[in-house]
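The block underneath contains the structure these notes are about, expressed in structure tokens.
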Amino acid sequence: MAEPIIIDGTQISADIRAEVADEVSRMKEEHGLVPGLAVVLVGEDPASQIYVNNKERACVEVGLNSFKYVLPAKTSQEELMDLVDELNCRDDVHGILVQMPLPGHLDPTPVLLGIDPNKDVDGFNPVNLGRVVVGNAVLPSCTPAGCIELLKRSGTQLEGANAVVVGRSNTVGKPVALLLLSENCTVTIAHSRTRDLPEICRGADILVAAVGRDRMIKADWVKEGVTVIDVGMNRSEEGLHGDVDFHEVKEKARAITPVPGGVGPMTIAMLMRNTLKAAQMKLPV
Ligand code: GUN
């Protein structure tokens, strides 16, 4: 086998953010409009604080306005909904993201339903999931959209390919499967109850792993020439690993994402792109 392509998510993410930055400056010049992203964090979860700070920094780098709201952990459902309503009404806020998970006493469902679908840059509102279902992915969720970009920018043939998605979550498995279908792949969604999972995976030209099981997918689960997108982020005392046994599987792959440095960096790039798209939707036609 030829050396596999190691799909460089860090580089592709930087490329996309540079493209967004160009579009943002054009929008400023031509329309006097600066896209704005509001990020809401409830409580003091340290991991969430890091994610939110990274999002704020990415906004600054591409020239977006960033509005950060940090609410105390004891914030009530009503107070959070009131803030979402206020942000829905603001003309300078084009994208709204409420960082998950919320503290236990808050119900995320009404919050996600309450975000204006045209400002829902996370793509978590069921309206945006429904748009993905009907093939009109205006604001697709960021990690699934990032997987598709990695495939396209690594020269993967999508049309007619057999794509197997392992995992059926609402945040990754289901939407990535539907986006692959929109790209004319033949899609199988496999999961923990799938009978003979290795045999199903061996049928894949494109394998997307999003199950959250450390290095579950082995070399004898894939065919020669497969393209592998590994969404897994499994931390153990041995370090951070994906759902795919990278060192084994890369020997048979045409192309494969590493962990870290594959899908991870794409989520923020797609968030920037969705915020730009949400602002473009406000431009006069
Ligand atoms: N928590 C972890 N990842 C995400 C994300 O992509 N969006 C939101 N809103 N919360 C998260």
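Ordering of the structure tokens sets the chain letters (A, B, ...), residue numbers begin anew at 1 in every chain, and ligands are numbered from 1 in the order given.
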
Could you please extract the residues within 7 Å of ligand 1, counting only C-alpha atoms and all ligand atoms, and hand them back as a list in words?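 For ligand 1, the residues inside 7 Å are Ser48, Leu97, Val98, Gln99, Met100, Pro101, Asp122, Cys142 and Thr267 of chain A.
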
Atoms to include: N, CA, C and O atoms. Write the selected residues as a PDB file, in the first residue's frame.
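File produced: again.pdb:
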```pdb
ATOM      1  N   SER A  48     -15.629  23.613  30.153  1.00  0.00           N
ATOM      2  CA  SER A  48     -16.490  24.528  29.392  1.00  0.00           C
ATOM      3  C   SER A  48     -15.865  25.920  29.307  1.00  0.00           C
ATOM      4  O   SER A  48     -15.979  26.590  28.278  1.00  0.00           O
ATOM      5  N   LEU A  97     -24.860  30.611  20.932  1.00  0.00           N
ATOM      6  CA  LEU A  97     -24.426  29.280  21.364  1.00  0.00           C
ATOM      7  C   LEU A  97     -24.528  29.217  22.882  1.00  0.00           C
ATOM      8  O   LEU A  97     -23.960  30.071  23.568  1.00  0.00           O
ATOM      9  N   VAL A  98     -25.291  28.285  23.381  1.00  0.00           N
ATOM     10  CA  VAL A  98     -25.345  28.047  24.830  1.00  0.00           C
ATOM     11  C   VAL A  98     -24.489  26.816  25.094  1.00  0.00           C
ATOM     12  O   VAL A  98     -24.794  25.717  24.609  1.00  0.00           O
ATOM     13  N   GLN A  99     -23.416  27.020  25.837  1.00  0.00           N
ATOM     14  CA  GLN A  99     -22.456  25.936  26.055  1.00  0.00           C
ATOM     15  C   GLN A  99     -23.092  24.809  26.858  1.00  0.00           C
ATOM     16  O   GLN A  99     -23.725  25.038  27.891  1.00  0.00           O
ATOM     17  N   MET A 100     -22.919  23.587  26.383  1.00  0.00           N
ATOM     18  CA  MET A 100     -23.410  22.391  27.072  1.00  0.00           C
ATOM     19  C   MET A 100     -22.222  21.684  27.723  1.00  0.00           C
ATOM     20  O   MET A 100     -21.113  21.780  27.204  1.00  0.00           O
ATOM     21  N   PRO A 101     -22.389  20.933  28.784  1.00  0.00           N
ATOM     22  CA  PRO A 101     -23.651  20.674  29.476  1.00  0.00           C
ATOM     23  C   PRO A 101     -24.037  21.823  30.401  1.00  0.00           C
ATOM     24  O   PRO A 101     -23.156  22.530  30.912  1.00  0.00           O
ATOM     25  N   ASP A 122     -24.916  26.311  16.403  1.00  0.00           N
ATOM     26  CA  ASP A 122     -24.553  24.952  16.813  1.00  0.00           C
ATOM     27  C   ASP A 122     -25.291  23.920  15.970  1.00  0.00           C
ATOM     28  O   ASP A 122     -24.896  22.754  15.938  1.00  0.00           O
ATOM     29  N   CYS A 142     -21.802  21.519  13.895  1.00  0.00           N
ATOM     30  CA  CYS A 142     -20.420  21.840  13.500  1.00  0.00           C
ATOM     31  C   CYS A 142     -19.537  20.603  13.320  1.00  0.00           C
ATOM     32  O   CYS A 142     -18.788  20.524  12.339  1.00  0.00           O
ATOM     33  N   THR A 267     -14.354  21.695  14.603  1.00  0.00           N
ATOM     34  CA  THR A 267     -15.631  22.152  15.164  1.00  0.00           C
ATOM     35  C   THR A 267     -15.664  23.679  15.247  1.00  0.00           C
ATOM     36  O   THR A 267     -16.649  24.319  14.852  1.00  0.00           O
TER      37      THR A 267
END
```

Please provide as an MDAnalysis selection string all residues within 10 Å of Cys147 of chain A, with the sequence filter that same-chain residues fewer than 2 positions apart are discarded (counting only C-alpha atoms). chainID A and resid 9 142:145 149:152 172 176 179:180 208 229:231 257 262:264 266:267

I need the chosen residues saved as a CSV table (one decimal), in the first residue's frame, with N, CA, C and O atoms.
```
chain,number,residue,atom,x,y,z
A,9,GLY,N,-6.4,17.9,10.2
A,9,GLY,CA,-7.5,18.8,10.7
A,9,GLY,C,-7.0,20.1,11.2
A,9,GLY,O,-7.8,21.1,11.0
A,142,CYS,N,-21.8,21.5,13.9
A,142,CYS,CA,-20.4,21.8,13.5
A,142,CYS,C,-19.5,20.6,13.3
A,142,CYS,O,-18.8,20.5,12.3
A,143,THR,N,-19.6,19.7,14.2
A,143,THR,CA,-18.7,18.5,14.1
A,143,THR,C,-19.1,17.7,12.9
A,143,THR,O,-18.2,17.3,12.1
A,144,PRO,N,-20.4,17.3,12.7
A,144,PRO,CA,-20.7,16.6,11.4
A,144,PRO,C,-20.3,17.4,10.2
A,144,PRO,O,-19.7,16.8,9.2
A,145,ALA,N,-20.5,18.7,10.1
A,145,ALA,CA,-20.1,19.4,8.9
A,145,ALA,C,-18.6,19.4,8.8
A,145,ALA,O,-18.1,19.3,7.6
A,149,GLU,N,-16.2,18.3,5.5
A,149,GLU,CA,-15.1,19.1,4.9
A,149,GLU,C,-13.8,18.3,4.9
A,149,GLU,O,-13.1,18.4,3.9
A,150,LEU,N,-13.5,17.5,5.9
A,150,LEU,CA,-12.3,16.7,5.9
A,150,LEU,C,-12.3,15.7,4.8
A,150,LEU,O,-11.3,15.5,4.1
A,151,LEU,N,-13.5,15.1,4.5
A,151,LEU,CA,-13.5,14.2,3.4
A,151,LEU,C,-13.3,14.9,2.1
A,151,LEU,O,-12.5,14.5,1.2
A,152,LYS,N,-14.0,16.0,1.9
A,152,LYS,CA,-13.9,16.7,0.6
A,152,LYS,C,-12.5,17.2,0.4
A,152,LYS,O,-12.0,17.1,-0.7
A,172,VAL,N,-23.8,13.8,16.6
A,172,VAL,CA,-22.8,13.4,15.5
A,172,VAL,C,-23.4,12.4,14.6
A,172,VAL,O,-23.5,12.6,13.4
A,176,VAL,N,-24.3,13.4,10.7
A,176,VAL,CA,-23.2,13.1,9.7
A,176,VAL,C,-23.7,12.1,8.7
A,176,VAL,O,-23.4,12.2,7.5
A,179,LEU,N,-25.9,14.0,6.3
A,179,LEU,CA,-25.0,14.9,5.4
A,179,LEU,C,-24.3,14.0,4.3
A,179,LEU,O,-24.2,14.4,3.2
A,180,LEU,N,-23.9,12.8,4.7
A,180,LEU,CA,-23.3,11.9,3.7
A,180,LEU,C,-24.3,11.5,2.7
A,180,LEU,O,-24.0,11.4,1.5
A,208,VAL,N,-16.9,6.4,9.4
A,208,VAL,CA,-16.9,7.5,10.4
A,208,VAL,C,-17.2,6.9,11.7
A,208,VAL,O,-18.2,6.2,11.9
A,229,ILE,N,-12.7,8.6,9.2
A,229,ILE,CA,-12.8,9.8,10.0
A,229,ILE,C,-13.2,9.4,11.4
A,229,ILE,O,-14.2,8.8,11.7
A,230,ASP,N,-12.3,9.8,12.4
A,230,ASP,CA,-12.4,9.3,13.7
A,230,ASP,C,-12.8,10.5,14.6
A,230,ASP,O,-12.1,11.4,14.9
A,231,VAL,N,-14.1,10.4,15.1
A,231,VAL,CA,-14.6,11.5,15.9
A,231,VAL,C,-14.4,11.3,17.4
A,231,VAL,O,-14.6,12.1,18.2
A,257,THR,N,-7.9,10.3,9.7
A,257,THR,CA,-7.6,11.4,10.6
A,257,THR,C,-6.9,10.9,11.9
A,257,THR,O,-7.3,9.9,12.4
A,262,GLY,N,-7.3,15.8,14.2
A,262,GLY,CA,-8.2,15.5,13.1
A,262,GLY,C,-9.5,16.2,13.1
A,262,GLY,O,-9.5,17.4,12.7
A,263,VAL,N,-10.5,15.6,13.6
A,263,VAL,CA,-11.9,16.2,13.6
A,263,VAL,C,-11.9,17.4,14.7
A,263,VAL,O,-12.6,18.4,14.4
A,264,GLY,N,-11.2,17.2,15.8
A,264,GLY,CA,-11.3,18.2,16.9
A,264,GLY,C,-11.2,19.6,16.5
A,264,GLY,O,-12.1,20.4,16.8
A,266,MET,N,-11.8,21.0,13.8
A,266,MET,CA,-12.8,21.4,12.8
A,266,MET,C,-14.0,22.1,13.4
A,266,MET,O,-14.7,22.9,12.7
A,267,THR,N,-14.4,21.7,14.6
A,267,THR,CA,-15.6,22.2,15.2
A,267,THR,C,-15.7,23.7,15.2
A,267,THR,O,-16.6,24.3,14.9
```

Measuring atom to atom with only C-alpha atoms, identify which of A:Ile12, A:Ala209, A:Ala204, A:Ala21 is nearest to Phe246 of chain A.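 Of A:Ile12, A:Ala209, A:Ala204, A:Ala21, the one nearest Phe246 of chain A, counting only C-alpha atoms, is A:Ala209.
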
Show which residues sit within 10 Å of Leu113 of chain A, as a list in words. Count only C-alpha atoms, and ignore same-chain residues fewer than 2 positions away.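 Selected residues are Pro108, Thr109, Pro110, Val111, Ile115, Asp116, Pro117, Asp120, Phe124, Asn125, Pro126 and Val127 of chain A.
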
Pick out each residue of segment 13-237 of chain A that DSSP on the backbone tags as strand (DSSP E); I need them as an MDAnalysis selection string. chainID A and resid 36:42 65:71 95:98 162:166 186:190 206:209 226:230 234:236

Next, dump the selected residues to file, keeping only N, CA and C atoms, as a compact mmCIF listing (two decimals), in the first residue's frame.
```
# COMPACT_ATOMS: atom_id res chain seq x y z
N GLY A 36 -21.78 38.75 14.44
CA GLY A 36 -21.55 38.66 15.89
C GLY A 36 -22.01 37.31 16.43
N LEU A 37 -21.21 36.75 17.32
CA LEU A 37 -21.54 35.47 17.98
C LEU A 37 -21.67 35.70 19.48
N ALA A 38 -22.82 35.32 20.04
CA ALA A 38 -23.00 35.37 21.50
C ALA A 38 -22.81 33.97 22.06
N VAL A 39 -21.92 33.85 23.03
CA VAL A 39 -21.67 32.56 23.67
C VAL A 39 -22.09 32.68 25.14
N VAL A 40 -22.94 31.75 25.56
CA VAL A 40 -23.49 31.78 26.92
C VAL A 40 -22.94 30.59 27.70
N LEU A 41 -22.33 30.89 28.83
CA LEU A 41 -21.82 29.84 29.72
C LEU A 41 -22.53 29.97 31.06
N VAL A 42 -23.13 28.89 31.53
CA VAL A 42 -23.76 28.90 32.85
C VAL A 42 -22.90 28.06 33.79
N ASN A 65 -17.47 39.80 15.81
CA ASN A 65 -17.72 40.31 17.16
C ASN A 65 -18.09 39.15 18.06
N SER A 66 -17.53 39.16 19.27
CA SER A 66 -17.82 38.10 20.22
C SER A 66 -18.47 38.71 21.45
N PHE A 67 -19.59 38.16 21.87
CA PHE A 67 -20.29 38.62 23.08
C PHE A 67 -20.35 37.43 24.02
N LYS A 68 -19.68 37.59 25.17
CA LYS A 68 -19.62 36.45 26.10
C LYS A 68 -20.49 36.74 27.32
N TYR A 69 -21.33 35.78 27.68
CA TYR A 69 -22.19 35.91 28.86
C TYR A 69 -21.87 34.77 29.80
N VAL A 70 -21.37 35.11 30.98
CA VAL A 70 -21.10 34.08 31.99
C VAL A 70 -22.11 34.27 33.11
N LEU A 71 -22.99 33.29 33.27
CA LEU A 71 -24.05 33.38 34.27
C LEU A 71 -23.70 32.48 35.45
N GLY A 95 -25.32 34.86 15.68
CA GLY A 95 -25.22 33.48 16.14
C GLY A 95 -25.31 33.41 17.65
N ILE A 96 -26.00 32.38 18.15
CA ILE A 96 -26.13 32.18 19.61
C ILE A 96 -25.71 30.75 19.92
N LEU A 97 -24.86 30.61 20.93
CA LEU A 97 -24.43 29.28 21.36
C LEU A 97 -24.53 29.22 22.88
N VAL A 98 -25.29 28.29 23.38
CA VAL A 98 -25.35 28.05 24.83
C VAL A 98 -24.49 26.82 25.09
N ASN A 162 -19.75 3.70 -0.37
CA ASN A 162 -20.39 3.08 0.79
C ASN A 162 -19.83 3.72 2.05
N ALA A 163 -20.69 4.46 2.77
CA ALA A 163 -20.27 5.11 4.01
C ALA A 163 -20.90 4.38 5.18
N VAL A 164 -20.08 4.02 6.15
CA VAL A 164 -20.60 3.41 7.37
C VAL A 164 -20.31 4.38 8.52
N VAL A 165 -21.36 4.75 9.23
CA VAL A 165 -21.23 5.61 10.42
C VAL A 165 -21.45 4.72 11.63
N VAL A 166 -20.47 4.67 12.51
CA VAL A 166 -20.63 3.87 13.73
C VAL A 166 -20.96 4.85 14.86
N THR A 186 -23.95 5.97 -0.15
CA THR A 186 -24.88 4.94 0.32
C THR A 186 -24.53 4.72 1.78
N VAL A 187 -25.47 5.03 2.67
CA VAL A 187 -25.11 5.18 4.09
C VAL A 187 -25.69 4.06 4.95
N THR A 188 -24.85 3.51 5.80
CA THR A 188 -25.29 2.56 6.84
C THR A 188 -24.99 3.19 8.19
N ILE A 189 -25.99 3.20 9.07
CA ILE A 189 -25.74 3.66 10.45
C ILE A 189 -25.65 2.41 11.33
N ALA A 190 -24.48 2.20 11.89
CA ALA A 190 -24.27 1.06 12.78
C ALA A 190 -24.14 1.58 14.21
N ILE A 206 -15.93 4.63 3.17
CA ILE A 206 -15.74 5.74 4.13
C ILE A 206 -16.27 5.24 5.47
N LEU A 207 -15.44 5.34 6.50
CA LEU A 207 -15.85 4.88 7.83
C LEU A 207 -15.77 6.08 8.78
N VAL A 208 -16.91 6.43 9.37
CA VAL A 208 -16.94 7.52 10.37
C VAL A 208 -17.21 6.87 11.72
N ALA A 209 -16.27 7.05 12.65
CA ALA A 209 -16.39 6.41 13.96
C ALA A 209 -16.77 7.46 15.00
N VAL A 226 -9.66 2.20 2.56
CA VAL A 226 -10.73 2.92 3.25
C VAL A 226 -10.27 4.35 3.63
N THR A 227 -11.24 5.26 3.71
CA THR A 227 -10.98 6.59 4.28
C THR A 227 -11.67 6.63 5.64
N VAL A 228 -10.91 6.99 6.68
CA VAL A 228 -11.42 6.90 8.06
C VAL A 228 -11.47 8.29 8.70
N ILE A 229 -12.65 8.61 9.24
CA ILE A 229 -12.83 9.85 10.01
C ILE A 229 -13.15 9.43 11.44
N ASP A 230 -12.28 9.79 12.36
CA ASP A 230 -12.40 9.34 13.75
C ASP A 230 -12.84 10.50 14.63
N ASN A 234 -11.26 9.79 23.49
CA ASN A 234 -11.29 8.95 24.69
C ASN A 234 -10.02 9.18 25.50
N ARG A 235 -10.22 9.68 26.71
CA ARG A 235 -9.07 9.96 27.57
C ARG A 235 -8.88 8.81 28.55
N SER A 236 -7.65 8.33 28.66
CA SER A 236 -7.36 7.31 29.67
C SER A 236 -5.97 7.60 30.21
```

For Ile5 of chain A, the nearest of the candidates A:Leu80, A:Ala279, A:Lys250, A:Cys185, counting only C-alpha atoms: A:Lys250

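Once His191 of chain A and its same-chain neighbours fewer than 6 positions away are set aside, Val164, Val165, Val166, Gly167, Arg168, Ser169, Gly173, Lys174, Leu197, Pro198, Ile200, Cys201, Val208, Ala209, Ala210, Val211, Gly212 and Arg213 of chain A remain within 12 Å of it when counting only C-alpha atoms.
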
Write out as JSON, numbers by chain which residues come within 12 Å of Pro284 of chain A when counting only C-alpha atoms, dropping same-chain ones fewer than 2 positions away. {"A": [30, 31, 33, 279, 280, 281, 282]}

Quick one, how far is atom CA of Val52 of chain A from atom CA of Val121 of chain A?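 Taking atom CA of Val52 of chain A and atom CA of Val121 of chain A, their separation equals 14.1 Å.
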
Shell around Ser76 of chain A at 12 Å using only C-alpha atoms, local window under 2 positions removed, as a PyMOL selection string: chain A and resi 42-43+71-74+78-83+102-107+111

Pick out the residues sitting within 6 Å of Asp243 of chain A, and hand them over as a list in words; count only C-alpha atoms, and ignore anything fewer than 3 positions along from it in its own chain.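 The neighbour list is Arg213, Asp214, Arg215, Met216 and Gly232 of chain A.
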
Please produce a file of those selected residues containing all heavy atoms, as a PDB file, in the first residue's frame.
```
ATOM      1  N   ARG A 213     -15.749   4.665  22.072  1.00  0.00           N
ATOM      2  CA  ARG A 213     -15.096   3.458  22.625  1.00  0.00           C
ATOM      3  C   ARG A 213     -13.641   3.458  22.191  1.00  0.00           C
ATOM      4  O   ARG A 213     -13.341   3.352  21.001  1.00  0.00           O
ATOM      5  CB  ARG A 213     -15.801   2.186  22.108  1.00  0.00           C
ATOM      6  CG  ARG A 213     -17.269   2.061  22.524  1.00  0.00           C
ATOM      7  CD  ARG A 213     -17.440   1.349  23.853  1.00  0.00           C
ATOM      8  NE  ARG A 213     -16.860   0.007  23.824  1.00  0.00           N
ATOM      9  CZ  ARG A 213     -17.513  -1.076  23.410  1.00  0.00           C
ATOM     10  NH1 ARG A 213     -18.759  -0.984  22.973  1.00  0.00           N
ATOM     11  NH2 ARG A 213     -16.929  -2.253  23.432  1.00  0.00           N
ATOM     12  N   ASP A 214     -12.761   3.571  23.160  1.00  0.00           N
ATOM     13  CA  ASP A 214     -11.322   3.731  22.925  1.00  0.00           C
ATOM     14  C   ASP A 214     -10.755   2.639  21.986  1.00  0.00           C
ATOM     15  O   ASP A 214     -10.811   1.453  22.323  1.00  0.00           O
ATOM     16  CB  ASP A 214     -10.617   3.677  24.298  1.00  0.00           C
ATOM     17  CG  ASP A 214      -9.185   4.190  24.237  1.00  0.00           C
ATOM     18  OD1 ASP A 214      -8.562   4.134  23.164  1.00  0.00           O
ATOM     19  OD2 ASP A 214      -8.695   4.638  25.293  1.00  0.00           O
ATOM     20  N   ARG A 215     -10.231   3.076  20.830  1.00  0.00           N
ATOM     21  CA  ARG A 215      -9.537   2.205  19.866  1.00  0.00           C
ATOM     22  C   ARG A 215     -10.287   0.901  19.547  1.00  0.00           C
ATOM     23  O   ARG A 215      -9.683  -0.161  19.380  1.00  0.00           O
ATOM     24  CB  ARG A 215      -8.115   1.916  20.360  1.00  0.00           C
ATOM     25  CG  ARG A 215      -7.214   3.134  20.263  1.00  0.00           C
ATOM     26  CD  ARG A 215      -5.941   2.985  21.061  1.00  0.00           C
ATOM     27  NE  ARG A 215      -6.203   3.144  22.496  1.00  0.00           N
ATOM     28  CZ  ARG A 215      -5.301   3.021  23.449  1.00  0.00           C
ATOM     29  NH1 ARG A 215      -4.065   2.722  23.141  1.00  0.00           N
ATOM     30  NH2 ARG A 215      -5.619   3.194  24.714  1.00  0.00           N
ATOM     31  N   MET A 216     -11.610   1.005  19.432  1.00  0.00           N
ATOM     32  CA  MET A 216     -12.437  -0.187  19.202  1.00  0.00           C
ATOM     33  C   MET A 216     -12.232  -0.753  17.795  1.00  0.00           C
ATOM     34  O   MET A 216     -12.273  -1.976  17.592  1.00  0.00           O
ATOM     35  CB  MET A 216     -13.909   0.183  19.400  1.00  0.00           C
ATOM     36  CG  MET A 216     -14.863  -0.954  19.161  1.00  0.00           C
ATOM     37  SD  MET A 216     -16.578  -0.477  19.409  1.00  0.00           S
ATOM     38  CE  MET A 216     -16.902   0.406  17.907  1.00  0.00           C
ATOM     39  N   GLY A 232     -13.899  10.103  17.738  1.00  0.00           N
ATOM     40  CA  GLY A 232     -13.724   9.723  19.142  1.00  0.00           C
ATOM     41  C   GLY A 232     -12.695  10.575  19.876  1.00  0.00           C
ATOM     42  O   GLY A 232     -11.707  11.011  19.294  1.00  0.00           O
TER      43      GLY A 232
END
```

Residues flagged helix (DSSP H, G or I) by DSSP in segment 38-265 of chain A, as a ChimeraX atom specification: /A:46-62,77-89,108-114,117-119,126-133,142-153,173-182,197-202,219-221,246-249

Provide the atom CA of Ala253 of chain A to atom CA of Val222 of chain A distance in Å, to one decimal place.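 Separation of atom CA of Ala253 of chain A and atom CA of Val222 of chain A: 8.1 Å.
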